[in-house]
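Enquirer: Have a look at this one before I ask anything.
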Amino acid sequence: MSGFIVTGTDTDVGKTVVAAGLAQALRAAYWKPVQAGLDGETDSEAVTRLAPDAMVLPEAFRLATPCSPHEAARIDGVELADAALTLPETNRTLIVEGAGGALVPYREDLLAADLFARWALPAMVVARTALGTISHTLLTLEALAGRGVAVKGVVFVGEEEPVAEAAITRIRRVPHLGRLPRLEPLDADTLAAAVAANIRVDLLA
Ligand SMILES: Nc1ncnc2c1ncn2[C@@H]1O[C@H](COP(=O)(O)OP(=O)(O)O)[C@@H](O)[C@H]1O
Ligand SMILES: [Mg+2]
């Protein structure tokens, strides 16, 4: 199985947008194992809209409440069982988007990074460029390394912050995969152009 996991320093950092941009560039398959929150556009729906040439695979779990998967599952009376959390079959590159950040619980005995390690796919980290990102990103990279998850690099989202970006990638010696600016408007065309201009897709293929 070839592919990678898109994780991030937090929720709302831009994982879905980055995953969509990469899925379109690589004509990849996209999979969101657990969607927590069904009001408004889901992550899979956003990727369908932003990456018209990607193949969006069905989620393993669709939970009603927008919160940590372990709690969303409890509220819905569902168990996020190991047997249902296996990688889907595809002959495309598989891009998996985790919920929230790297240590979000799927169950009290199963954190996101434990799943990534079990799946044996490398991960890439989406990080804001905003103040505070150095520590959040280094913590995320340590958590992944501590579980034996290989790291492809970091994609930054936001205004250019060369000092913070360089500190992170030099201290952990991980590739800087590029920076996605805020796009206005954000649609399939502007995203594809921004990914082509700014992101090292070649390092992820
Ligand atoms: N580069 C960008 N330009 C404009 N809007 C963005 C960009 N990246 C993310 N967003 C917006 O910010 C919000 C959070 O992004 P999203 O990718 O859903 O984050 P996550 O998947 O990490 O929760 C969404 O409304 C999304 O459309
Ligand atoms: Mg998302």
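Letters for chains follow the order of the structure tokens (A, B, ...), residue numbers begin at 1 for each chain, and ligand numbers begin at 1 in the order shown.
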Using only C-alpha atoms and all ligand atoms, tabulate the residues of chain A lying at most 9 Å from any atom of ligand 2, each with its closest atom pair and that distance in Å to one decimal, by chain and increasing residue number, as a Markdown table.
Expert:
```
| residue | atom | partner | partner_atom_place_in_ligand_line | distance |
| --- | --- | --- | --- | --- |
| A:Thr11 | CA | ligand 2 | 1 (Mg) | 7.0 |
| A:Asp12 | CA | ligand 2 | 1 (Mg) | 6.6 |
| A:Val13 | CA | ligand 2 | 1 (Mg) | 8.2 |
| A:Gly14 | CA | ligand 2 | 1 (Mg) | 6.8 |
| A:Lys15 | CA | ligand 2 | 1 (Mg) | 5.1 |
| A:Thr16 | CA | ligand 2 | 1 (Mg) | 4.1 |
| A:Val17 | CA | ligand 2 | 1 (Mg) | 7.5 |
| A:Ala19 | CA | ligand 2 | 1 (Mg) | 8.5 |
| A:Lys32 | CA | ligand 2 | 1 (Mg) | 8.4 |
| A:Gln35 | CA | ligand 2 | 1 (Mg) | 8.7 |
| A:Thr42 | CA | ligand 2 | 1 (Mg) | 8.1 |
| A:Asp43 | CA | ligand 2 | 1 (Mg) | 5.3 |
| A:Ser44 | CA | ligand 2 | 1 (Mg) | 8.6 |
| A:Ala46 | CA | ligand 2 | 1 (Mg) | 8.8 |
| A:Glu97 | CA | ligand 2 | 1 (Mg) | 6.9 |
| A:Gly98 | CA | ligand 2 | 1 (Mg) | 7.5 |
| A:Ala99 | CA | ligand 2 | 1 (Mg) | 6.6 |
| A:Gly100 | CA | ligand 2 | 1 (Mg) | 7.2 |
```
Enquirer: DSSP on the backbone, then: every residue of region 110-182 of chain A marked alpha helix (DSSP H), written as a PDB file with all heavy atoms, in the first residue's frame.
Expert:
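Heads up, here's the output in part21.pdb:
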```pdb
ATOM      1  N   ALA A 112      -4.580   8.519  18.018  1.00  0.00           N
ATOM      2  CA  ALA A 112      -4.399   8.609  16.566  1.00  0.00           C
ATOM      3  C   ALA A 112      -3.045   8.055  16.133  1.00  0.00           C
ATOM      4  O   ALA A 112      -2.964   7.254  15.199  1.00  0.00           O
ATOM      5  CB  ALA A 112      -4.553  10.063  16.122  1.00  0.00           C
ATOM      6  N   ALA A 113      -1.978   8.477  16.810  1.00  0.00           N
ATOM      7  CA  ALA A 113      -0.644   8.041  16.374  1.00  0.00           C
ATOM      8  C   ALA A 113      -0.441   6.530  16.548  1.00  0.00           C
ATOM      9  O   ALA A 113       0.367   5.933  15.825  1.00  0.00           O
ATOM     10  CB  ALA A 113       0.440   8.815  17.123  1.00  0.00           C
ATOM     11  N   ASP A 114      -1.177   5.910  17.475  1.00  0.00           N
ATOM     12  CA  ASP A 114      -1.109   4.437  17.591  1.00  0.00           C
ATOM     13  C   ASP A 114      -1.672   3.795  16.325  1.00  0.00           C
ATOM     14  O   ASP A 114      -1.154   2.793  15.827  1.00  0.00           O
ATOM     15  CB  ASP A 114      -1.928   3.940  18.792  1.00  0.00           C
ATOM     16  CG  ASP A 114      -1.451   4.506  20.119  1.00  0.00           C
ATOM     17  OD1 ASP A 114      -0.234   4.713  20.277  1.00  0.00           O
ATOM     18  OD2 ASP A 114      -2.306   4.738  20.991  1.00  0.00           O
ATOM     19  N   LEU A 115      -2.756   4.373  15.824  1.00  0.00           N
ATOM     20  CA  LEU A 115      -3.355   3.867  14.583  1.00  0.00           C
ATOM     21  C   LEU A 115      -2.398   4.066  13.410  1.00  0.00           C
ATOM     22  O   LEU A 115      -2.233   3.171  12.579  1.00  0.00           O
ATOM     23  CB  LEU A 115      -4.638   4.644  14.283  1.00  0.00           C
ATOM     24  CG  LEU A 115      -5.965   4.052  14.703  1.00  0.00           C
ATOM     25  CD1 LEU A 115      -7.085   5.031  14.344  1.00  0.00           C
ATOM     26  CD2 LEU A 115      -6.207   2.706  14.037  1.00  0.00           C
ATOM     27  N   PHE A 116      -1.773   5.253  13.354  1.00  0.00           N
ATOM     28  CA  PHE A 116      -0.857   5.517  12.240  1.00  0.00           C
ATOM     29  C   PHE A 116       0.271   4.471  12.240  1.00  0.00           C
ATOM     30  O   PHE A 116       0.664   3.981  11.183  1.00  0.00           O
ATOM     31  CB  PHE A 116      -0.235   6.917  12.338  1.00  0.00           C
ATOM     32  CG  PHE A 116      -1.211   8.061  12.413  1.00  0.00           C
ATOM     33  CD1 PHE A 116      -0.802   9.307  12.857  1.00  0.00           C
ATOM     34  CD2 PHE A 116      -2.544   7.897  12.044  1.00  0.00           C
ATOM     35  CE1 PHE A 116      -1.684  10.383  12.920  1.00  0.00           C
ATOM     36  CE2 PHE A 116      -3.447   8.965  12.119  1.00  0.00           C
ATOM     37  CZ  PHE A 116      -3.006  10.205  12.566  1.00  0.00           C
ATOM     38  N   ALA A 117       0.781   4.176  13.440  1.00  0.00           N
ATOM     39  CA  ALA A 117       1.867   3.197  13.538  1.00  0.00           C
ATOM     40  C   ALA A 117       1.384   1.825  13.072  1.00  0.00           C
ATOM     41  O   ALA A 117       2.080   1.113  12.349  1.00  0.00           O
ATOM     42  CB  ALA A 117       2.379   3.126  14.972  1.00  0.00           C
ATOM     43  N   ARG A 118       0.169   1.472  13.451  1.00  0.00           N
ATOM     44  CA  ARG A 118      -0.376   0.170  13.063  1.00  0.00           C
ATOM     45  C   ARG A 118      -0.544   0.103  11.544  1.00  0.00           C
ATOM     46  O   ARG A 118      -0.311  -0.939  10.932  1.00  0.00           O
ATOM     47  CB  ARG A 118      -1.725  -0.021  13.758  1.00  0.00           C
ATOM     48  CG  ARG A 118      -2.351  -1.350  13.515  1.00  0.00           C
ATOM     49  CD  ARG A 118      -3.711  -1.449  14.154  1.00  0.00           C
ATOM     50  NE  ARG A 118      -3.682  -1.278  15.603  1.00  0.00           N
ATOM     51  CZ  ARG A 118      -4.777  -1.095  16.337  1.00  0.00           C
ATOM     52  NH1 ARG A 118      -5.963  -1.035  15.773  1.00  0.00           N
ATOM     53  NH2 ARG A 118      -4.683  -0.960  17.633  1.00  0.00           N
ATOM     54  N   TRP A 119      -0.969   1.190  10.951  1.00  0.00           N
ATOM     55  CA  TRP A 119      -1.173   1.204   9.495  1.00  0.00           C
ATOM     56  C   TRP A 119       0.143   1.205   8.732  1.00  0.00           C
ATOM     57  O   TRP A 119       0.163   0.943   7.534  1.00  0.00           O
ATOM     58  CB  TRP A 119      -2.015   2.418   9.094  1.00  0.00           C
ATOM     59  CG  TRP A 119      -3.446   2.330   9.502  1.00  0.00           C
ATOM     60  CD1 TRP A 119      -4.184   1.188   9.685  1.00  0.00           C
ATOM     61  CD2 TRP A 119      -4.344   3.431   9.773  1.00  0.00           C
ATOM     62  NE1 TRP A 119      -5.466   1.500  10.037  1.00  0.00           N
ATOM     63  CE2 TRP A 119      -5.592   2.867  10.100  1.00  0.00           C
ATOM     64  CE3 TRP A 119      -4.203   4.813   9.762  1.00  0.00           C
ATOM     65  CZ2 TRP A 119      -6.699   3.653  10.417  1.00  0.00           C
ATOM     66  CZ3 TRP A 119      -5.298   5.600  10.076  1.00  0.00           C
ATOM     67  CH2 TRP A 119      -6.529   5.023  10.402  1.00  0.00           C
ATOM     68  N   THR A 133       3.419  28.016  16.958  1.00  0.00           N
ATOM     69  CA  THR A 133       3.489  26.823  16.106  1.00  0.00           C
ATOM     70  C   THR A 133       4.748  26.010  16.341  1.00  0.00           C
ATOM     71  O   THR A 133       4.736  24.799  16.121  1.00  0.00           O
ATOM     72  CB  THR A 133       3.359  27.208  14.619  1.00  0.00           C
ATOM     73  OG1 THR A 133       2.940  26.051  13.895  1.00  0.00           O
ATOM     74  CG2 THR A 133       4.663  27.711  14.037  1.00  0.00           C
ATOM     75  N   ILE A 134       5.834  26.645  16.798  1.00  0.00           N
ATOM     76  CA  ILE A 134       7.081  25.879  16.939  1.00  0.00           C
ATOM     77  C   ILE A 134       6.878  24.752  17.950  1.00  0.00           C
ATOM     78  O   ILE A 134       7.123  23.580  17.653  1.00  0.00           O
ATOM     79  CB  ILE A 134       8.266  26.784  17.349  1.00  0.00           C
ATOM     80  CG1 ILE A 134       8.545  27.822  16.253  1.00  0.00           C
ATOM     81  CG2 ILE A 134       9.514  25.947  17.603  1.00  0.00           C
ATOM     82  CD1 ILE A 134       9.672  28.795  16.596  1.00  0.00           C
ATOM     83  N   SER A 135       6.391  25.091  19.121  1.00  0.00           N
ATOM     84  CA  SER A 135       6.219  24.061  20.150  1.00  0.00           C
ATOM     85  C   SER A 135       5.156  23.043  19.751  1.00  0.00           C
ATOM     86  O   SER A 135       5.351  21.835  19.909  1.00  0.00           O
ATOM     87  CB  SER A 135       5.855  24.722  21.482  1.00  0.00           C
ATOM     88  OG  SER A 135       5.727  23.746  22.478  1.00  0.00           O
ATOM     89  N   HIS A 136       4.029  23.506  19.220  1.00  0.00           N
ATOM     90  CA  HIS A 136       2.967  22.564  18.812  1.00  0.00           C
ATOM     91  C   HIS A 136       3.477  21.583  17.764  1.00  0.00           C
ATOM     92  O   HIS A 136       3.171  20.390  17.798  1.00  0.00           O
ATOM     93  CB  HIS A 136       1.772  23.333  18.233  1.00  0.00           C
ATOM     94  CG  HIS A 136       0.938  24.016  19.253  1.00  0.00           C
ATOM     95  ND1 HIS A 136       0.420  25.273  19.086  1.00  0.00           N
ATOM     96  CD2 HIS A 136       0.511  23.617  20.466  1.00  0.00           C
ATOM     97  CE1 HIS A 136      -0.267  25.615  20.147  1.00  0.00           C
ATOM     98  NE2 HIS A 136      -0.222  24.635  21.003  1.00  0.00           N
ATOM     99  N   THR A 137       4.259  22.105  16.832  1.00  0.00           N
ATOM    100  CA  THR A 137       4.713  21.232  15.742  1.00  0.00           C
ATOM    101  C   THR A 137       5.792  20.268  16.237  1.00  0.00           C
ATOM    102  O   THR A 137       5.780  19.083  15.896  1.00  0.00           O
ATOM    103  CB  THR A 137       5.217  22.070  14.556  1.00  0.00           C
ATOM    104  OG1 THR A 137       4.230  23.058  14.244  1.00  0.00           O
ATOM    105  CG2 THR A 137       5.438  21.196  13.341  1.00  0.00           C
ATOM    106  N   LEU A 138       6.728  20.771  17.077  1.00  0.00           N
ATOM    107  CA  LEU A 138       7.757  19.875  17.613  1.00  0.00           C
ATOM    108  C   LEU A 138       7.133  18.794  18.493  1.00  0.00           C
ATOM    109  O   LEU A 138       7.556  17.636  18.462  1.00  0.00           O
ATOM    110  CB  LEU A 138       8.809  20.671  18.391  1.00  0.00           C
ATOM    111  CG  LEU A 138       9.672  21.623  17.545  1.00  0.00           C
ATOM    112  CD1 LEU A 138      10.651  22.387  18.442  1.00  0.00           C
ATOM    113  CD2 LEU A 138      10.434  20.879  16.456  1.00  0.00           C
ATOM    114  N   LEU A 139       6.125  19.145  19.270  1.00  0.00           N
ATOM    115  CA  LEU A 139       5.426  18.136  20.082  1.00  0.00           C
ATOM    116  C   LEU A 139       4.803  17.065  19.185  1.00  0.00           C
ATOM    117  O   LEU A 139       4.881  15.862  19.469  1.00  0.00           O
ATOM    118  CB  LEU A 139       4.341  18.797  20.931  1.00  0.00           C
ATOM    119  CG  LEU A 139       4.812  19.539  22.175  1.00  0.00           C
ATOM    120  CD1 LEU A 139       3.702  20.449  22.713  1.00  0.00           C
ATOM    121  CD2 LEU A 139       5.229  18.543  23.261  1.00  0.00           C
ATOM    122  N   THR A 140       4.180  17.519  18.109  1.00  0.00           N
ATOM    123  CA  THR A 140       3.541  16.567  17.189  1.00  0.00           C
ATOM    124  C   THR A 140       4.584  15.642  16.568  1.00  0.00           C
ATOM    125  O   THR A 140       4.396  14.415  16.498  1.00  0.00           O
ATOM    126  CB  THR A 140       2.795  17.350  16.090  1.00  0.00           C
ATOM    127  OG1 THR A 140       1.826  18.192  16.722  1.00  0.00           O
ATOM    128  CG2 THR A 140       2.116  16.419  15.106  1.00  0.00           C
ATOM    129  N   LEU A 141       5.700  16.221  16.131  1.00  0.00           N
ATOM    130  CA  LEU A 141       6.746  15.409  15.497  1.00  0.00           C
ATOM    131  C   LEU A 141       7.353  14.420  16.496  1.00  0.00           C
ATOM    132  O   LEU A 141       7.640  13.274  16.151  1.00  0.00           O
ATOM    133  CB  LEU A 141       7.826  16.326  14.901  1.00  0.00           C
ATOM    134  CG  LEU A 141       7.336  17.175  13.714  1.00  0.00           C
ATOM    135  CD1 LEU A 141       8.345  18.271  13.380  1.00  0.00           C
ATOM    136  CD2 LEU A 141       7.075  16.307  12.482  1.00  0.00           C
ATOM    137  N   GLU A 142       7.509  14.843  17.768  1.00  0.00           N
ATOM    138  CA  GLU A 142       8.026  13.909  18.787  1.00  0.00           C
ATOM    139  C   GLU A 142       7.054  12.770  19.037  1.00  0.00           C
ATOM    140  O   GLU A 142       7.453  11.615  19.209  1.00  0.00           O
ATOM    141  CB  GLU A 142       8.260  14.652  20.112  1.00  0.00           C
ATOM    142  CG  GLU A 142       9.549  15.423  20.140  1.00  0.00           C
ATOM    143  CD  GLU A 142      10.073  15.634  21.563  1.00  0.00           C
ATOM    144  OE1 GLU A 142       9.668  14.918  22.500  1.00  0.00           O
ATOM    145  OE2 GLU A 142      10.900  16.536  21.708  1.00  0.00           O
ATOM    146  N   ALA A 143       5.765  13.105  19.081  1.00  0.00           N
ATOM    147  CA  ALA A 143       4.759  12.058  19.334  1.00  0.00           C
ATOM    148  C   ALA A 143       4.766  11.018  18.212  1.00  0.00           C
ATOM    149  O   ALA A 143       4.644   9.812  18.468  1.00  0.00           O
ATOM    150  CB  ALA A 143       3.369  12.686  19.462  1.00  0.00           C
ATOM    151  N   LEU A 144       4.918  11.481  16.988  1.00  0.00           N
ATOM    152  CA  LEU A 144       4.949  10.543  15.854  1.00  0.00           C
ATOM    153  C   LEU A 144       6.212   9.690  15.918  1.00  0.00           C
ATOM    154  O   LEU A 144       6.154   8.453  15.806  1.00  0.00           O
ATOM    155  CB  LEU A 144       4.878  11.317  14.534  1.00  0.00           C
ATOM    156  CG  LEU A 144       3.556  12.067  14.290  1.00  0.00           C
ATOM    157  CD1 LEU A 144       3.693  12.992  13.084  1.00  0.00           C
ATOM    158  CD2 LEU A 144       2.387  11.107  14.088  1.00  0.00           C
ATOM    159  N   ALA A 145       7.352  10.350  16.136  1.00  0.00           N
ATOM    160  CA  ALA A 145       8.619   9.605  16.185  1.00  0.00           C
ATOM    161  C   ALA A 145       8.598   8.595  17.324  1.00  0.00           C
ATOM    162  O   ALA A 145       9.088   7.472  17.179  1.00  0.00           O
ATOM    163  CB  ALA A 145       9.785  10.575  16.336  1.00  0.00           C
ATOM    164  N   GLY A 146       8.023   8.992  18.465  1.00  0.00           N
ATOM    165  CA  GLY A 146       7.982   8.117  19.633  1.00  0.00           C
ATOM    166  C   GLY A 146       7.185   6.842  19.400  1.00  0.00           C
ATOM    167  O   GLY A 146       7.368   5.844  20.098  1.00  0.00           O
ATOM    168  N   PRO A 162       9.317  32.744   8.154  1.00  0.00           N
ATOM    169  CA  PRO A 162      10.533  31.983   7.847  1.00  0.00           C
ATOM    170  C   PRO A 162      11.279  31.502   9.088  1.00  0.00           C
ATOM    171  O   PRO A 162      11.839  30.400   9.082  1.00  0.00           O
ATOM    172  CB  PRO A 162      11.394  32.968   7.052  1.00  0.00           C
ATOM    173  CG  PRO A 162      10.486  34.068   6.630  1.00  0.00           C
ATOM    174  CD  PRO A 162       9.328  34.093   7.569  1.00  0.00           C
ATOM    175  N   VAL A 163      11.312  32.300  10.155  1.00  0.00           N
ATOM    176  CA  VAL A 163      12.085  31.895  11.338  1.00  0.00           C
ATOM    177  C   VAL A 163      11.460  30.669  11.989  1.00  0.00           C
ATOM    178  O   VAL A 163      12.148  29.694  12.306  1.00  0.00           O
ATOM    179  CB  VAL A 163      12.184  33.072  12.334  1.00  0.00           C
ATOM    180  CG1 VAL A 163      12.822  32.625  13.641  1.00  0.00           C
ATOM    181  CG2 VAL A 163      12.986  34.220  11.711  1.00  0.00           C
ATOM    182  N   ALA A 164      10.143  30.691  12.171  1.00  0.00           N
ATOM    183  CA  ALA A 164       9.462  29.547  12.788  1.00  0.00           C
ATOM    184  C   ALA A 164       9.547  28.318  11.885  1.00  0.00           C
ATOM    185  O   ALA A 164       9.819  27.205  12.357  1.00  0.00           O
ATOM    186  CB  ALA A 164       7.999  29.896  13.057  1.00  0.00           C
ATOM    187  N   GLU A 165       9.317  28.515  10.606  1.00  0.00           N
ATOM    188  CA  GLU A 165       9.351  27.375   9.682  1.00  0.00           C
ATOM    189  C   GLU A 165      10.732  26.726   9.683  1.00  0.00           C
ATOM    190  O   GLU A 165      10.864  25.494   9.729  1.00  0.00           O
ATOM    191  CB  GLU A 165       8.979  27.840   8.262  1.00  0.00           C
ATOM    192  CG  GLU A 165       7.536  28.325   8.143  1.00  0.00           C
ATOM    193  CD  GLU A 165       7.248  28.981   6.794  1.00  0.00           C
ATOM    194  OE1 GLU A 165       7.727  28.488   5.757  1.00  0.00           O
ATOM    195  OE2 GLU A 165       6.542  30.013   6.777  1.00  0.00           O
ATOM    196  N   ALA A 166      11.782  27.549   9.648  1.00  0.00           N
ATOM    197  CA  ALA A 166      13.145  27.010   9.621  1.00  0.00           C
ATOM    198  C   ALA A 166      13.498  26.352  10.946  1.00  0.00           C
ATOM    199  O   ALA A 166      14.173  25.316  10.977  1.00  0.00           O
ATOM    200  CB  ALA A 166      14.134  28.121   9.297  1.00  0.00           C
ATOM    201  N   ALA A 167      13.047  26.938  12.064  1.00  0.00           N
ATOM    202  CA  ALA A 167      13.364  26.348  13.367  1.00  0.00           C
ATOM    203  C   ALA A 167      12.816  24.925  13.438  1.00  0.00           C
ATOM    204  O   ALA A 167      13.520  23.983  13.824  1.00  0.00           O
ATOM    205  CB  ALA A 167      12.774  27.206  14.487  1.00  0.00           C
ATOM    206  N   ILE A 168      11.572  24.758  13.055  1.00  0.00           N
ATOM    207  CA  ILE A 168      10.936  23.435  13.141  1.00  0.00           C
ATOM    208  C   ILE A 168      11.667  22.425  12.270  1.00  0.00           C
ATOM    209  O   ILE A 168      12.024  21.322  12.721  1.00  0.00           O
ATOM    210  CB  ILE A 168       9.463  23.537  12.706  1.00  0.00           C
ATOM    211  CG1 ILE A 168       8.673  24.322  13.752  1.00  0.00           C
ATOM    212  CG2 ILE A 168       8.851  22.162  12.463  1.00  0.00           C
ATOM    213  CD1 ILE A 168       7.342  24.866  13.240  1.00  0.00           C
ATOM    214  N   THR A 169      11.869  22.782  11.018  1.00  0.00           N
ATOM    215  CA  THR A 169      12.397  21.781  10.098  1.00  0.00           C
ATOM    216  C   THR A 169      13.877  21.503  10.376  1.00  0.00           C
ATOM    217  O   THR A 169      14.352  20.388  10.167  1.00  0.00           O
ATOM    218  CB  THR A 169      12.151  22.205   8.634  1.00  0.00           C
ATOM    219  OG1 THR A 169      12.617  23.544   8.437  1.00  0.00           O
ATOM    220  CG2 THR A 169      10.678  22.156   8.314  1.00  0.00           C
ATOM    221  N   ARG A 170      14.613  22.497  10.908  1.00  0.00           N
ATOM    222  CA  ARG A 170      16.026  22.241  11.240  1.00  0.00           C
ATOM    223  C   ARG A 170      16.153  21.457  12.538  1.00  0.00           C
ATOM    224  O   ARG A 170      16.950  20.536  12.638  1.00  0.00           O
ATOM    225  CB  ARG A 170      16.795  23.551  11.370  1.00  0.00           C
ATOM    226  CG  ARG A 170      17.063  24.175  10.036  1.00  0.00           C
ATOM    227  CD  ARG A 170      18.282  25.086  10.126  1.00  0.00           C
ATOM    228  NE  ARG A 170      18.149  26.125   9.115  1.00  0.00           N
ATOM    229  CZ  ARG A 170      18.165  27.418   9.359  1.00  0.00           C
ATOM    230  NH1 ARG A 170      18.335  27.871  10.592  1.00  0.00           N
ATOM    231  NH2 ARG A 170      18.027  28.273   8.385  1.00  0.00           N
ATOM    232  N   ILE A 171      15.382  21.831  13.567  1.00  0.00           N
ATOM    233  CA  ILE A 171      15.529  21.159  14.867  1.00  0.00           C
ATOM    234  C   ILE A 171      15.194  19.674  14.733  1.00  0.00           C
ATOM    235  O   ILE A 171      15.884  18.821  15.264  1.00  0.00           O
ATOM    236  CB  ILE A 171      14.639  21.842  15.929  1.00  0.00           C
ATOM    237  CG1 ILE A 171      15.224  23.210  16.281  1.00  0.00           C
ATOM    238  CG2 ILE A 171      14.513  20.982  17.186  1.00  0.00           C
ATOM    239  CD1 ILE A 171      14.304  24.101  17.122  1.00  0.00           C
TER     240      ILE A 171
END
```
Enquirer: Any idea what the distance is between CA of Val154 (chain A) and CA of Pro122 (chain A)?
Expert: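 So the answer is 12.0 Å.
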Enquirer: Which residue, A:Asp189, A:Asp82, A:Glu59, A:Glu184, has the smallest gap to ligand 1 when you use only C-alpha atoms and all ligand atoms?
Expert: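 Using only C-alpha atoms and all ligand atoms, ligand 1 sits closest to A:Glu184.
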Enquirer: What residues in region 6-66 of chain A get the DSSP label strand (DSSP E or B)? Please answer as a PyMOL selection string.
Expert: chain A and resi 6-8+29-31+34-36+55-56+61-63
Enquirer: Nearest to Gly153 (chain A): which of A:Leu131, A:Ile199, A:Leu191, A:Val125 is it, counting only C-alpha atoms?
Expert: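 Using only C-alpha atoms, the shortest distance to Gly153 (chain A) belongs to A:Val125.
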Enquirer: For CA of Tyr30 (chain A) and CA of Met1 (chain A), quote the distance in Å rounded to one decimal.
Expert: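 Going from CA of Tyr30 (chain A) over to CA of Met1 (chain A) covers 13.3 Å.
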Enquirer: Counting only C-alpha atoms and all ligand atoms, figure out which residue out of A:Ala196, A:Ala127, A:Leu186, A:Val201 gets nearest to ligand 1.
Expert: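 Ranked by minimum distance to ligand 1, first place goes to A:Leu186.
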Enquirer: So, counting only C-alpha atoms and all ligand atoms, which residue among A:Asp202, A:Glu45, A:Asp53, A:Glu161 is closest to ligand 1?
Expert: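 Using only C-alpha atoms and all ligand atoms, the shortest distance to ligand 1 belongs to A:Glu45.
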Enquirer: Nearest to Trp31 (chain A): which of A:Ala64, A:Leu94, A:Val78, A:Thr86 is it, counting only C-alpha atoms?
Expert: A:Leu94
Enquirer: Tell me, as a list of chain:residue names, which residues lie within 10 Å of Ala130 (chain A), counting only C-alpha atoms; anything in the same chain fewer than 6 positions away does not count.
Expert: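 Skipping anything fewer than 6 positions along the chain leaves A:Phe156, A:Val157, A:Gly158, A:Glu159, A:Glu160, A:Glu161, A:Ala164.
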Enquirer: Figure out the distance between CA of Gly37 (chain A) and CA of Arg92 (chain A), please, to one decimal in Å.
Expert: 27.1 Å
Enquirer: Nearest to ligand 1: which of A:Val151, A:Ala23, A:Leu38, A:Val126 is it, counting only C-alpha atoms and all ligand atoms?
Expert: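 Residue with the minimum atom-to-atom distance to ligand 1: A:Val126.
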